[in-house]
Amino acid sequence: MKHFAYISLCLALCLLFAGCTRTRINGFRVETPEAPEVEGVHTYMEPHSMSYRFSGSMNISPKETMAVSGSYSNYSSDSLMEDSRKFTARGIYEFGGSDVNATFDWFSKASVLLFGFGVGYDDGIYHHLKLGFNTSVFEAGVYVGFFHHYTELEIDGSTCSTWPCSDDDNWSSIKNTDAEFYTSLLYGAYASVIVDDFFVSYNLSIYGPNVKGGGESVSSPNIYSHYFKSGYRISKHWEVYGGLILSFVDPDYRHFAGSAGASFYLK
């Protein structure tokens, strides 16, 4: 009953305003950086203590593209009275290039539990909260936040402003290119093995590019970035590290990148 009332209201508004504008997204192209890395503290922290860290790094990788597909729901092209259904849009993810990253992290440790907050820049601004544990030889945790990534998005599709949109002649082609900030959920997990001043770490970061156009939002595939890194604490305050980044869109598509950087700890 509610579904019928909604459809009736939409139909009445369409007739009142001489047509509803509807959009079909046939394809998209979007610049897709690796999911930003979120790390542990890489060393043993005394219980009931805090630490602050500033980090800078560079990622380098070859440029390449990946063919993907996304989906979105809309009313069928035959009638607004029909149920909504899934449409598929073909897309291209663009990876690669040189990126400079900068982060600030705050850590607070209880007895074993470690709490953290971080903000950084990596082709956009990201921020997160993390929860884990920290011992003298091992640490691990999970995190969640948001990635406001700056990217160029190209949409290829068509629009219709008449009803019903069953005649192909009623559809007009559109092609828009915008460069702006798009917000995506960022989440993942991390783990580190600590041996004196050395550490080896693994991090998994996940986000899905936000693809929007003509009032439609496309559900696009997630990007899974795996960070493998090793480093050394050269003094009380300074740490250097390097490693490999392996990003997956699905098992058939993967992208490799190298990373190196340094961190400065206030405590």
# chains A, B, ... in the order shown; residues from 1 in each chain; ligands from 1
call {"tool": "residues_around", "arguments": {"residues": "Ala35 in chain A", "least_positions_apart": "3", "cutoff": "9 Å", "atoms": "only C-alpha atoms", "output": "NGL selection string"}}
result
:A and (32 or 122 or 147 or 186 or 204-208 or 223-226 or 247)
call {"tool": "write_last_selection", "arguments": {"atoms": "N, CA, C and O atoms", "output": "tab-separated table (two decimals), in the first residue's frame"}}
result
chain	number	residue	atom	x	y	z
A	32	THR	N	41.63	6.41	-8.83
A	32	THR	CA	41.48	5.63	-7.61
A	32	THR	C	42.84	5.42	-6.93
A	32	THR	O	43.62	4.57	-7.35
A	122	ASP	N	46.36	11.82	1.77
A	122	ASP	CA	46.81	10.85	0.77
A	122	ASP	C	45.84	10.94	-0.41
A	122	ASP	O	44.83	10.25	-0.44
A	147	PHE	N	37.36	8.69	4.28
A	147	PHE	CA	38.38	9.11	3.31
A	147	PHE	C	37.73	10.10	2.36
A	147	PHE	O	36.85	9.75	1.58
A	186	LEU	N	36.13	4.34	5.29
A	186	LEU	CA	37.45	3.72	5.33
A	186	LEU	C	37.52	2.82	6.56
A	186	LEU	O	37.18	3.25	7.67
A	204	LEU	N	45.69	-3.80	6.35
A	204	LEU	CA	44.66	-3.91	5.32
A	204	LEU	C	43.74	-2.71	5.43
A	204	LEU	O	43.14	-2.47	6.49
A	205	SER	N	43.63	-1.94	4.34
A	205	SER	CA	42.73	-0.78	4.28
A	205	SER	C	41.73	-0.98	3.14
A	205	SER	O	42.11	-1.44	2.06
A	206	ILE	N	40.48	-0.60	3.39
A	206	ILE	CA	39.40	-0.84	2.43
A	206	ILE	C	38.56	0.42	2.28
A	206	ILE	O	38.20	1.06	3.27
A	207	TYR	N	38.25	0.78	1.03
A	207	TYR	CA	37.26	1.82	0.76
A	207	TYR	C	36.66	1.58	-0.62
A	207	TYR	O	37.22	0.85	-1.44
A	208	GLY	N	35.51	2.20	-0.88
A	208	GLY	CA	34.86	2.11	-2.18
A	208	GLY	C	34.73	3.49	-2.78
A	208	GLY	O	34.18	4.40	-2.14
A	223	ILE	N	38.13	-1.20	-3.03
A	223	ILE	CA	39.56	-1.34	-3.23
A	223	ILE	C	40.18	-1.85	-1.92
A	223	ILE	O	39.98	-1.25	-0.86
A	224	TYR	N	40.89	-2.96	-2.00
A	224	TYR	CA	41.53	-3.58	-0.83
A	224	TYR	C	43.04	-3.39	-0.97
A	224	TYR	O	43.66	-4.02	-1.83
A	225	SER	N	43.61	-2.55	-0.13
A	225	SER	CA	45.05	-2.27	-0.18
A	225	SER	C	45.76	-2.97	0.98
A	225	SER	O	45.44	-2.73	2.15
A	226	HIS	N	46.74	-3.82	0.63
A	226	HIS	CA	47.53	-4.56	1.61
A	226	HIS	C	48.92	-3.91	1.69
A	226	HIS	O	49.62	-3.81	0.68
A	247	SER	N	47.30	-3.70	-4.06
A	247	SER	CA	45.88	-3.35	-4.05
A	247	SER	C	45.09	-4.28	-4.97
A	247	SER	O	45.50	-4.53	-6.11
call {"tool": "select_by_dssp", "arguments": {"residues": "range 91-221 of chain A", "states": "strand (DSSP E)", "output": "VMD selection string"}}
result
chain A and resid 91 to 109 113 to 121 124 to 134 138 to 160 171 to 195 198 to 207 211 to 213 216 to 218
call {"tool": "residues_around", "arguments": {"residues": "Val137 in chain A", "least_positions_apart": "5", "cutoff": "7 Å", "atoms": "only C-alpha atoms", "output": "number ranges by chain"}}
result
A: 193-195
call {"tool": "closest_residue", "arguments": {"among": "A:Phe87, A:Tyr190, A:Tyr52, A:Tyr126", "to": "Phe228 in chain A", "atoms": "only C-alpha atoms"}}
result
A:Tyr190
call {"tool": "residues_around", "arguments": {"residues": "range 115-120 of chain A", "least_positions_apart": "3", "cutoff": "9 Å", "atoms": "only C-alpha atoms", "output": "number ranges by chain"}}
result
A: 36, 38, 40, 101-110, 124-133, 143
call {"tool": "residues_around", "arguments": {"residues": "Leu246 in chain A", "least_positions_apart": "2", "cutoff": "7 Å", "atoms": "only C-alpha atoms", "output": "tab-separated table (two decimals) with N, CA, C and O atoms, in the first residue's frame"}}
result
chain	number	residue	atom	x	y	z
A	225	SER	N	43.61	-2.55	-0.13
A	225	SER	CA	45.05	-2.27	-0.18
A	225	SER	C	45.76	-2.97	0.98
A	225	SER	O	45.44	-2.73	2.15
A	226	HIS	N	46.74	-3.82	0.63
A	226	HIS	CA	47.53	-4.56	1.61
A	226	HIS	C	48.92	-3.91	1.69
A	226	HIS	O	49.62	-3.81	0.68
A	227	TYR	N	49.32	-3.51	2.89
A	227	TYR	CA	50.61	-2.88	3.12
A	227	TYR	C	51.52	-3.86	3.87
A	227	TYR	O	51.18	-4.32	4.96
A	244	LEU	N	56.01	-2.63	0.52
A	244	LEU	CA	55.26	-2.91	-0.71
A	244	LEU	C	53.77	-2.74	-0.44
A	244	LEU	O	53.28	-3.10	0.63
A	248	PHE	N	43.96	-4.78	-4.45
A	248	PHE	CA	43.07	-5.65	-5.21
A	248	PHE	C	41.72	-4.96	-5.40
A	248	PHE	O	41.22	-4.29	-4.50
A	254	ARG	N	45.00	-6.57	-9.82
A	254	ARG	CA	45.87	-6.18	-8.72
A	254	ARG	C	46.84	-5.10	-9.20
A	254	ARG	O	47.18	-5.02	-10.39
A	255	HIS	N	47.27	-4.27	-8.25
A	255	HIS	CA	48.17	-3.16	-8.56
A	255	HIS	C	49.26	-3.10	-7.50
A	255	HIS	O	48.98	-3.13	-6.30
A	256	PHE	N	50.53	-3.02	-7.94
A	256	PHE	CA	51.68	-2.98	-7.04
A	256	PHE	C	52.23	-1.56	-6.92
A	256	PHE	O	52.24	-0.80	-7.89
A	257	ALA	N	52.69	-1.22	-5.71
A	257	ALA	CA	53.34	0.08	-5.48
A	257	ALA	C	54.42	-0.09	-4.42
A	257	ALA	O	54.35	-0.99	-3.57
call {"tool": "closest_residue", "arguments": {"among": "A:Gly258, A:Pro47, A:Gly97, A:Gly157", "to": "Ser136 in chain A", "atoms": "only C-alpha atoms"}}
result
A:Pro47
call {"tool": "residues_around", "arguments": {"residues": "Val240 in chain A", "least_positions_apart": "5", "cutoff": "8 Å", "atoms": "only C-alpha atoms", "output": "count of residues only"}}
result
8
call {"tool": "closest_residue", "arguments": {"among": "A:Lys229, A:His237, A:Lys212, A:Arg53", "to": "Val30 in chain A", "atoms": "only C-alpha atoms"}}
result
A:Lys212
call {"tool": "closest_residue", "arguments": {"among": "A:Glu139, A:Asp250, A:Glu37, A:Asp99", "to": "Val200 in chain A", "atoms": "only C-alpha atoms"}}
result
A:Glu139
call {"tool": "atom_distance", "arguments": {"atom1": "CA of Asn59 in chain A", "atom2": "CA of Gly96 in chain A"}}
result
9.0 Å
call {"tool": "atom_distance", "arguments": {"atom1": "CA of Val68 in chain A", "atom2": "CA of Glu34 in chain A"}}
result
15.8 Å
call {"tool": "closest_residue", "arguments": {"among": "A:Gly188, A:Met66, A:Leu113, A:Ile92", "to": "Glu46 in chain A", "atoms": "only C-alpha atoms"}}
result
A:Leu113
call {"tool": "atom_distance", "arguments": {"atom1": "CA of Gly27 in chain A", "atom2": "CA of Glu152 in chain A"}}
result
14.2 Å
call {"tool": "closest_residue", "arguments": {"among": "A:Asp197, A:Cys160, A:Thr151, A:Thr135", "to": "Thr183 in chain A", "atoms": "only C-alpha atoms"}}
result
A:Thr151
